>>> print(open('start-v3.pdb').read())   # PDB, C-alpha atoms (C1' of nucleotides)
MODEL        1
ATOM      1  CA  MET A   1     -80.111 -38.554 -50.570
ATOM      2  CA  PRO A   2     -82.309 -37.817 -47.578
ATOM      3  CA  SER A   3     -85.707 -36.241 -48.053
ATOM      4  CA  ALA A   4     -86.387 -32.790 -46.666
ATOM      5  CA  THR A   5     -89.300 -31.979 -44.374
ATOM      6  CA  ALA A   6     -89.487 -28.388 -43.137
ATOM      7  CA  ASN A   7     -85.718 -27.983 -43.457
ATOM      8  CA  PHE A   8     -84.962 -31.247 -41.706
ATOM      9  CA  GLU A   9     -82.783 -33.805 -43.479
ATOM     10  CA  LYS A  10     -84.668 -36.953 -42.592
ATOM     11  CA  LEU A  11     -82.681 -40.176 -42.248
ATOM     12  CA  ALA A  12     -83.491 -42.763 -44.911
ATOM     13  CA  ARG A  13     -84.581 -46.371 -44.352
ATOM     14  CA  GLU A  14     -81.095 -47.571 -45.284
ATOM     15  CA  PHE A  15     -79.636 -45.785 -42.279
ATOM     16  CA  TYR A  16     -81.587 -48.027 -39.930
ATOM     17  CA  ALA A  17     -81.175 -51.230 -41.948
ATOM     18  CA  ARG A  18     -77.559 -51.686 -40.830
ATOM     19  CA  ASP A  19     -75.581 -53.141 -37.962
ATOM     20  CA  THR A  20     -77.286 -52.117 -34.719
ATOM     21  CA  ILE A  21     -74.125 -50.938 -32.980
ATOM     22  CA  ASP A  22     -73.215 -48.756 -35.948
ATOM     23  CA  VAL A  23     -76.713 -47.286 -35.986
ATOM     24  CA  ALA A  24     -76.624 -46.671 -32.238
ATOM     25  CA  ILE A  25     -73.332 -44.797 -32.369
ATOM     26  CA  GLU A  26     -74.340 -42.795 -35.422
ATOM     27  CA  LEU A  27     -77.651 -41.771 -33.872
ATOM     28  CA  LEU A  28     -75.679 -39.693 -31.374
ATOM     29  CA  GLY A  29     -76.004 -36.054 -32.386
ATOM     30  CA  LYS A  30     -78.978 -36.664 -34.674
ATOM     31  CA  LYS A  31     -82.271 -34.795 -34.184
ATOM     32  CA  LEU A  32     -85.398 -36.516 -32.973
ATOM     33  CA  VAL A  33     -88.367 -34.635 -34.434
ATOM     34  CA  HIS A  34     -92.029 -34.912 -33.455
ATOM     35  CA  GLN A  35     -94.637 -32.647 -34.965
ATOM     36  CA  ILE A  36     -97.716 -32.416 -32.786
ATOM     37  CA  ASP A  37    -100.621 -29.997 -33.085
ATOM     38  CA  GLY A  38     -98.726 -28.210 -35.838
ATOM     39  CA  ARG A  39     -95.732 -27.517 -33.604
ATOM     40  CA  PHE A  40     -92.282 -29.051 -33.882
ATOM     41  CA  LEU A  41     -90.549 -30.665 -30.940
ATOM     42  CA  VAL A  42     -86.853 -31.289 -31.518
ATOM     43  CA  GLY A  43     -84.324 -33.088 -29.330
ATOM     44  CA  ASN A  44     -80.676 -33.845 -30.024
ATOM     45  CA  ILE A  45     -79.866 -37.465 -29.231
ATOM     46  CA  VAL A  46     -77.029 -37.702 -26.700
ATOM     47  CA  GLU A  47     -77.382 -41.201 -25.215
ATOM     48  CA  VAL A  48     -78.532 -44.561 -26.623
ATOM     49  CA  GLU A  49     -78.371 -48.297 -25.962
ATOM     50  CA  ALA A  50     -78.145 -51.136 -28.499
ATOM     51  CA  TYR A  51     -80.304 -54.271 -28.140
ATOM     52  CA  LEU A  52     -78.922 -56.828 -30.534
ATOM     53  CA  GLY A  53     -81.751 -59.306 -31.108
ATOM     54  CA  PRO A  54     -83.235 -62.547 -29.722
ATOM     55  CA  HIS A  55     -79.799 -63.848 -28.690
ATOM     56  CA  ASP A  56     -79.303 -60.744 -26.505
ATOM     57  CA  ARG A  57     -80.791 -61.720 -23.160
ATOM     58  CA  ALA A  58     -81.448 -58.072 -22.287
ATOM     59  CA  ALA A  59     -83.513 -57.480 -25.435
ATOM     60  CA  HIS A  60     -87.289 -57.821 -25.273
ATOM     61  CA  SER A  61     -87.108 -59.856 -28.488
ATOM     62  CA  SER A  62     -85.243 -62.568 -26.538
ATOM     63  CA  LYS A  63     -88.677 -63.518 -25.147
ATOM     64  CA  GLY A  64     -89.736 -64.457 -28.657
ATOM     65  CA  ARG A  65     -92.134 -62.983 -31.145
ATOM     66  CA  THR A  66     -95.155 -61.796 -29.131
ATOM     67  CA  ALA A  67     -97.767 -59.084 -29.456
ATOM     68  CA  ARG A  68     -95.523 -56.767 -27.493
ATOM     69  CA  THR A  69     -92.296 -57.480 -29.376
ATOM     70  CA  GLU A  70     -93.890 -57.692 -32.820
ATOM     71  CA  VAL A  71     -92.585 -54.297 -33.887
ATOM     72  CA  MET A  72     -89.004 -55.308 -33.110
ATOM     73  CA  PHE A  73     -89.343 -58.185 -35.582
ATOM     74  CA  GLY A  74     -90.653 -55.877 -38.269
ATOM     75  CA  PRO A  75     -88.859 -53.665 -40.784
ATOM     76  CA  PRO A  76     -86.198 -51.148 -39.682
ATOM     77  CA  GLY A  77     -86.898 -47.462 -39.234
ATOM     78  CA  HIS A  78     -89.998 -47.935 -37.115
ATOM     79  CA  ALA A  79     -90.538 -46.891 -33.496
ATOM     80  CA  TYR A  80     -90.895 -49.516 -30.769
ATOM     81  CA  VAL A  81     -92.550 -47.724 -27.849
ATOM     82  CA  TYR A  82     -93.481 -49.626 -24.708
ATOM     83  CA  LEU A  83     -94.699 -48.895 -21.193
ATOM     84  CA  ILE A  84     -92.292 -49.627 -18.365
ATOM     85  CA  TYR A  85     -93.147 -49.902 -14.660
ATOM     86  CA  GLY A  86     -96.708 -48.928 -15.480
ATOM     87  CA  ILE A  87     -95.666 -45.306 -15.682
ATOM     88  CA  HIS A  88     -93.057 -44.442 -18.263
ATOM     89  CA  ASN A  89     -92.778 -44.864 -22.002
ATOM     90  CA  CYS A  90     -89.519 -45.894 -23.632
ATOM     91  CA  MET A  91     -88.746 -45.336 -27.318
ATOM     92  CA  ASN A  92     -86.599 -47.543 -29.513
ATOM     93  CA  VAL A  93     -85.695 -47.470 -33.179
ATOM     94  CA  VAL A  94     -85.890 -50.819 -34.986
ATOM     95  CA  THR A  95     -82.607 -51.650 -36.748
ATOM     96  CA  GLY A  96     -81.033 -54.209 -39.051
ATOM     97  CA  PRO A  97     -82.775 -56.347 -41.653
ATOM     98  CA  GLU A  98     -86.436 -57.191 -41.097
ATOM     99  CA  GLY A  99     -86.799 -60.093 -38.696
ATOM    100  CA  HIS A 100     -83.478 -59.421 -36.967
ATOM    101  CA  ALA A 101     -85.445 -58.030 -34.000
ATOM    102  CA  SER A 102     -82.786 -55.561 -32.922
ATOM    103  CA  ALA A 103     -83.322 -51.982 -31.791
ATOM    104  CA  VAL A 104     -81.732 -48.903 -30.290
ATOM    105  CA  LEU A 105     -83.183 -47.406 -27.109
ATOM    106  CA  LEU A 106     -83.122 -43.611 -26.988
ATOM    107  CA  ARG A 107     -82.031 -42.775 -23.438
ATOM    108  CA  ALA A 108     -81.468 -39.021 -23.458
ATOM    109  CA  ILE A 109     -81.657 -35.900 -25.611
ATOM    110  CA  SER A 110     -80.576 -32.327 -25.173
ATOM    111  CA  PRO A 111     -83.646 -30.127 -25.507
ATOM    112  CA  GLY A 112     -84.107 -28.327 -28.814
ATOM    113  CA  LYS A 113     -86.954 -26.345 -30.367
ATOM    114  CA  GLY A 114     -90.216 -26.594 -28.423
ATOM    115  CA  VAL A 115     -88.962 -29.059 -25.822
ATOM    116  CA  VAL A 116     -89.871 -28.281 -22.212
ATOM    117  CA  GLY A 117     -88.769 -30.125 -19.097
ATOM    118  CA  ARG A 118     -86.128 -32.686 -18.256
ATOM    119  CA  THR A 119     -84.860 -35.063 -20.912
ATOM    120  CA  GLN A 120     -82.102 -37.076 -19.250
ATOM    121  CA  GLY A 121     -83.507 -40.587 -19.111
ATOM    122  CA  PRO A 122     -85.681 -42.740 -21.412
ATOM    123  CA  GLY A 123     -88.924 -41.965 -19.582
ATOM    124  CA  LEU A 124     -88.200 -38.266 -19.320
ATOM    125  CA  LEU A 125     -87.217 -38.137 -22.998
ATOM    126  CA  THR A 126     -90.544 -39.554 -24.167
ATOM    127  CA  ARG A 127     -92.507 -37.305 -21.845
ATOM    128  CA  ALA A 128     -90.745 -34.155 -23.062
ATOM    129  CA  MET A 129     -91.185 -35.231 -26.700
ATOM    130  CA  HIS A 130     -94.853 -36.210 -26.226
ATOM    131  CA  ILE A 131     -94.143 -39.779 -27.285
ATOM    132  CA  ASP A 132     -96.410 -42.539 -26.008
ATOM    133  CA  ARG A 133     -97.587 -45.981 -27.046
ATOM    134  CA  THR A 134     -99.933 -44.624 -29.690
ATOM    135  CA  LEU A 135     -96.693 -44.202 -31.654
ATOM    136  CA  ASN A 136     -95.683 -47.831 -31.245
ATOM    137  CA  GLY A 137     -94.978 -49.149 -34.742
ATOM    138  CA  ALA A 138     -94.890 -45.668 -36.277
ATOM    139  CA  ASP A 139     -92.780 -45.326 -39.411
ATOM    140  CA  LEU A 140     -89.901 -42.926 -38.768
ATOM    141  CA  LEU A 141     -90.003 -41.873 -42.395
ATOM    142  CA  SER A 142     -93.286 -40.082 -41.801
ATOM    143  CA  ASP A 143     -93.540 -36.306 -41.891
ATOM    144  CA  THR A 144     -94.552 -35.908 -38.250
ATOM    145  CA  PHE A 145     -92.218 -38.281 -36.425
ATOM    146  CA  PHE A 146     -88.675 -38.926 -37.645
ATOM    147  CA  ILE A 147     -84.954 -38.523 -37.045
ATOM    148  CA  ALA A 148     -82.873 -36.018 -38.996
ATOM    149  CA  ARG A 149     -79.235 -35.244 -39.645
ATOM    150  CA  GLU A 150     -77.334 -32.869 -37.414
ATOM    151  CA  ASP A 151     -76.810 -29.318 -38.659
ATOM    152  CA  PRO A 152     -73.819 -28.877 -40.978
ATOM    153  CA  GLY A 153     -70.833 -27.576 -39.090
ATOM    154  CA  THR A 154     -71.873 -29.171 -35.803
ATOM    155  CA  ALA A 155     -68.807 -29.771 -33.646
ATOM    156  CA  PRO A 156     -67.594 -33.400 -33.596
ATOM    157  CA  HIS A 157     -68.055 -35.410 -30.422
ATOM    158  CA  ARG A 158     -66.341 -38.300 -28.644
ATOM    159  CA  VAL A 159     -68.355 -41.420 -27.902
ATOM    160  CA  VAL A 160     -68.214 -43.102 -24.480
ATOM    161  CA  ARG A 161     -69.046 -46.831 -24.235
ATOM    162  CA  ARG A 162     -70.488 -48.276 -21.035
ATOM    163  CA  PRO A 163     -72.613 -51.253 -19.889
ATOM    164  CA  ARG A 164     -76.348 -50.826 -20.339
ATOM    165  CA  ILE A 165     -78.477 -49.558 -17.460
ATOM    166  CA  GLY A 166     -81.011 -51.663 -15.570
ATOM    167  CA  VAL A 167     -80.347 -55.024 -17.237
ATOM    168  CA  ASP A 168     -78.542 -56.858 -14.444
ATOM    169  CA  TYR A 169     -80.829 -59.847 -14.991
ATOM    170  CA  ALA A 170     -79.210 -60.472 -18.378
ATOM    171  CA  GLY A 171     -76.080 -62.189 -17.077
ATOM    172  CA  ALA A 172     -73.004 -61.695 -19.237
ATOM    173  CA  TRP A 173     -75.045 -59.547 -21.611
ATOM    174  CA  SER A 174     -75.438 -56.956 -18.881
ATOM    175  CA  ARG A 175     -71.698 -56.341 -19.006
ATOM    176  CA  ARG A 176     -71.426 -55.762 -22.739
ATOM    177  CA  LEU A 177     -70.515 -52.189 -23.674
ATOM    178  CA  LEU A 178     -73.729 -51.412 -25.538
ATOM    179  CA  ARG A 179     -74.566 -48.045 -24.017
ATOM    180  CA  PHE A 180     -73.200 -45.073 -25.918
ATOM    181  CA  TYR A 181     -73.228 -41.414 -25.087
ATOM    182  CA  ILE A 182     -71.608 -38.139 -26.061
ATOM    183  CA  ARG A 183     -68.671 -37.474 -23.779
ATOM    184  CA  GLY A 184     -69.165 -34.520 -21.476
ATOM    185  CA  ASN A 185     -72.733 -33.825 -22.533
ATOM    186  CA  PRO A 186     -74.706 -32.516 -19.527
ATOM    187  CA  TYR A 187     -77.914 -34.235 -20.613
ATOM    188  CA  VAL A 188     -76.571 -37.792 -20.363
ATOM    189  CA  SER A 189     -78.664 -39.639 -17.771
ATOM    190  CA  LYS A 190     -75.896 -41.283 -15.750
ATOM    191  CA  PRO A 191     -72.458 -40.040 -16.819
TER     192      PRO A 191
ATOM    193  C1'  DC B   1    -107.562 -66.898 -14.173
ATOM    194  C1'  DT B   2    -103.623 -65.240 -10.872
ATOM    195  C1'  DC B   3     -98.947 -63.854 -10.168
ATOM    196  C1'  DC B   4     -94.493 -61.616 -10.977
ATOM    197  C1'  DG B   5     -91.406 -58.329 -12.333
ATOM    198  C1'  DG B   6     -89.788 -54.722 -15.322
ATOM    199  C1'  DA B   7     -84.538 -51.197 -20.875
ATOM    200  C1'  DT B   8     -87.709 -45.849 -14.573
ATOM    201  C1'  DT B   9     -88.399 -41.965 -11.794
ATOM    202  C1'  DC B  10     -89.293 -39.648  -7.590
ATOM    203  C1'  DG B  11     -89.598 -38.829  -2.817
ATOM    204  C1'  DT B  12     -88.021 -40.257   1.886
TER     205       DT B  12
ATOM    206  C1'  DC C   1     -84.300 -47.518  -0.364
ATOM    207  C1'  DG C   2     -89.126 -48.178  -1.535
ATOM    208  C1'  DA C   3     -93.494 -46.654  -3.802
ATOM    209  C1'  DA C   4     -95.920 -45.715  -7.956
ATOM    210  C1'  DT C   5     -98.824 -48.205 -11.438
ATOM    211  C1'  DC C   6     -99.956 -51.250 -15.448
ATOM    212  C1'  DC C   7     -99.455 -54.816 -18.495
ATOM    213  C1'  DG C   8     -96.972 -58.655 -20.909
ATOM    214  C1'  DG C   9     -95.780 -63.214 -20.319
ATOM    215  C1'  DA C  10     -95.763 -67.351 -17.686
ATOM    216  C1'  DG C  11     -97.866 -70.599 -14.867
ATOM    217  C1'  DT C  12    -102.171 -72.997 -12.801
TER     218       DT C  12
ENDMDL
END
>>> encode(input="start-v3.pdb", output="structure tokens")
Amino acid sequence: MPSATANFEKLAREFYARDTIDVAIELLGKKLVHQIDGRFLVGNIVEVEAYLGPHDRAAHSSKGRTARTEVMFGPPGHAYVYLIYGIHNCMNVVTGPEGHASAVLLRAISPGKGVVGRTQGPGLLTRAMHIDRTLNGADLLSDTFFIAREDPGTAPHRVVRRPRIGVDYAGAWSRRLLRFYIRGNPYVSKP
DNA sequence: CTCCGGATTCGT
DNA sequence: CGAATCCGGAGT
């Protein structure tokens, strides 16, 4: 049974400690919540990508266990936040059993409570949610940064599967259908 | 130490 | 299509 924080039904550790593709698909529709300066920012997850572990050539953990990738090798339910192109932050959720080094990249949200600005893309998502590298390694079972269940009665959605974006260097792995998004949602980055 | 390129975004 | 802008990881 999930714990409640300010009416949010926070996802439990066990949710994250499962098969990465299952977690990725089930994250669609969930609420990303960040409490900052006493105010809640909420975004509804509409697009994600799965990174399956060191054998996945597109995953950062395929470079081995380094200072940067350490969080990916840690326990599930923690945030892996890194800087890309010197400008943008990207947020992942660590999945699977500890040491599996798999994660789900959050690529887009639809804006909810308190969220201002564009959110369709991993860098735009983190900016709108005020997520940066100070949150790298943060436990998503905290009371200020977590993911929660969708509201009861939320309409069901269809899931679209596509190749991941921006990983052409990964050979055959770049063609795997590991990007998932909610069909027809206007906040998906590249429909 | 230097060098290269990136799970992106924006402006031309 | 190229610039922005910084740092991790690899090579010398």
>>> resolve_selection(input="start-v3.pdb", expression="the PyMOL selection byres ((chain A) within 8 of (chain B))", output="tab-separated table (two decimals) with C-alpha atoms, keeping the file's coordinate frame")
chain	number	residue	atom	x	y	z
A	58	ALA	CA	-81.45	-58.07	-22.29
A	59	ALA	CA	-83.51	-57.48	-25.44
A	84	ILE	CA	-92.29	-49.63	-18.36
A	85	TYR	CA	-93.15	-49.90	-14.66
A	88	HIS	CA	-93.06	-44.44	-18.26
A	90	CYS	CA	-89.52	-45.89	-23.63
A	105	LEU	CA	-83.18	-47.41	-27.11
A	122	PRO	CA	-85.68	-42.74	-21.41
A	123	GLY	CA	-88.92	-41.96	-19.58
A	165	ILE	CA	-78.48	-49.56	-17.46
A	166	GLY	CA	-81.01	-51.66	-15.57
A	167	VAL	CA	-80.35	-55.02	-17.24
>>> closest_atom_pairs(input="start-v3.pdb", of="chain A", to="chain C", cutoff="12 Å", atoms="only C-alpha atoms (C1' of nucleotides)", output="CSV")
residue,atom,partner,partner_atom,distance
A:His60,CA,C:DG8,C1',10.7
A:Lys63,CA,C:DG9,C1',8.6
A:Gly64,CA,C:DG9,C1',10.4
A:Arg65,CA,C:DG9,C1',11.4
A:Thr66,CA,C:DG9,C1',8.9
A:Ala67,CA,C:DG8,C1',8.6
A:Arg68,CA,C:DG8,C1',7.0
A:Thr69,CA,C:DG8,C1',9.7
A:Tyr82,CA,C:DC7,C1',10.1
A:Leu83,CA,C:DC7,C1',8.1
A:Ile84,CA,C:DC6,C1',8.4
A:Tyr85,CA,C:DT5,C1',6.7
A:Gly86,CA,C:DC6,C1',4.0
A:Ile87,CA,C:DT5,C1',6.0
A:His88,CA,C:DT5,C1',9.7
A:Asn89,CA,C:DC6,C1',11.6
>>> write_last_selection(input="start-v3.pdb", atoms="C-alpha atoms", output="CSV table (one decimal), keeping the file's coordinate frame")
chain,number,residue,atom,x,y,z
A,60,HIS,CA,-87.3,-57.8,-25.3
A,63,LYS,CA,-88.7,-63.5,-25.1
A,64,GLY,CA,-89.7,-64.5,-28.7
A,65,ARG,CA,-92.1,-63.0,-31.1
A,66,THR,CA,-95.2,-61.8,-29.1
A,67,ALA,CA,-97.8,-59.1,-29.5
A,68,ARG,CA,-95.5,-56.8,-27.5
A,69,THR,CA,-92.3,-57.5,-29.4
A,82,TYR,CA,-93.5,-49.6,-24.7
A,83,LEU,CA,-94.7,-48.9,-21.2
A,84,ILE,CA,-92.3,-49.6,-18.4
A,85,TYR,CA,-93.1,-49.9,-14.7
A,86,GLY,CA,-96.7,-48.9,-15.5
A,87,ILE,CA,-95.7,-45.3,-15.7
A,88,HIS,CA,-93.1,-44.4,-18.3
A,89,ASN,CA,-92.8,-44.9,-22.0
>>> residues_around(input="start-v3.pdb", residues="Ala12 (chain A)", least_positions_apart="2", cutoff="10 Å", atoms="all atoms listed in the file", output="PDB file with C-alpha atoms, in the frame of the given file")
ATOM      1  CA  MET A   1     -80.111 -38.554 -50.570  1.00  0.00           C
ATOM      2  CA  PRO A   2     -82.309 -37.817 -47.578  1.00  0.00           C
ATOM      3  CA  SER A   3     -85.707 -36.241 -48.053  1.00  0.00           C
ATOM      4  CA  GLU A   9     -82.783 -33.805 -43.479  1.00  0.00           C
ATOM      5  CA  LYS A  10     -84.668 -36.953 -42.592  1.00  0.00           C
ATOM      6  CA  GLU A  14     -81.095 -47.571 -45.284  1.00  0.00           C
ATOM      7  CA  PHE A  15     -79.636 -45.785 -42.279  1.00  0.00           C
ATOM      8  CA  TYR A  16     -81.587 -48.027 -39.930  1.00  0.00           C
ATOM      9  CA  ALA A  17     -81.175 -51.230 -41.948  1.00  0.00           C
ATOM     10  CA  GLY A  77     -86.898 -47.462 -39.234  1.00  0.00           C
ATOM     11  CA  LEU A 140     -89.901 -42.926 -38.768  1.00  0.00           C
ATOM     12  CA  LEU A 141     -90.003 -41.873 -42.395  1.00  0.00           C
ATOM     13  CA  PHE A 146     -88.675 -38.926 -37.645  1.00  0.00           C
ATOM     14  CA  ILE A 147     -84.954 -38.523 -37.045  1.00  0.00           C
ATOM     15  CA  ALA A 148     -82.873 -36.018 -38.996  1.00  0.00           C
TER      16      ALA A 148
END
>>> atom_distance(input="start-v3.pdb", atom1="CA of Leu32 (chain A)", atom2="CA of Ser142 (chain A)")
12.4 Å
>>> residues_around(input="start-v3.pdb", residues="Ile21 (chain A)", least_positions_apart="3", cutoff="7 Å", atoms="all atoms listed in the file", output="list in words")
Ala24, Ile25 and Ala50 of chain A
>>> residues_around(input="start-v3.pdb", residues="region 107-111 of chain A", least_positions_apart="4", cutoff="6 Å", atoms="all atoms listed in the file", output="PDB file with C-alpha atoms, in the frame of the given file")
ATOM      1  CA  GLY A  43     -84.324 -33.088 -29.330  1.00  0.00           C
ATOM      2  CA  ASN A  44     -80.676 -33.845 -30.024  1.00  0.00           C
ATOM      3  CA  ILE A  45     -79.866 -37.465 -29.231  1.00  0.00           C
ATOM      4  CA  VAL A  46     -77.029 -37.702 -26.700  1.00  0.00           C
ATOM      5  CA  GLU A  47     -77.382 -41.201 -25.215  1.00  0.00           C
ATOM      6  CA  VAL A  48     -78.532 -44.561 -26.623  1.00  0.00           C
ATOM      7  CA  VAL A 115     -88.962 -29.059 -25.822  1.00  0.00           C
ATOM      8  CA  THR A 119     -84.860 -35.063 -20.912  1.00  0.00           C
ATOM      9  CA  GLN A 120     -82.102 -37.076 -19.250  1.00  0.00           C
ATOM     10  CA  GLY A 121     -83.507 -40.587 -19.111  1.00  0.00           C
ATOM     11  CA  PRO A 122     -85.681 -42.740 -21.412  1.00  0.00           C
ATOM     12  CA  LEU A 125     -87.217 -38.137 -22.998  1.00  0.00           C
ATOM     13  CA  TYR A 187     -77.914 -34.235 -20.613  1.00  0.00           C
ATOM     14  CA  VAL A 188     -76.571 -37.792 -20.363  1.00  0.00           C
TER      15      VAL A 188
END
>>> atom_distance(input="start-v3.pdb", atom1="CA of Ser174 (chain A)", atom2="CA of Glu49 (chain A)")
11.6 Å
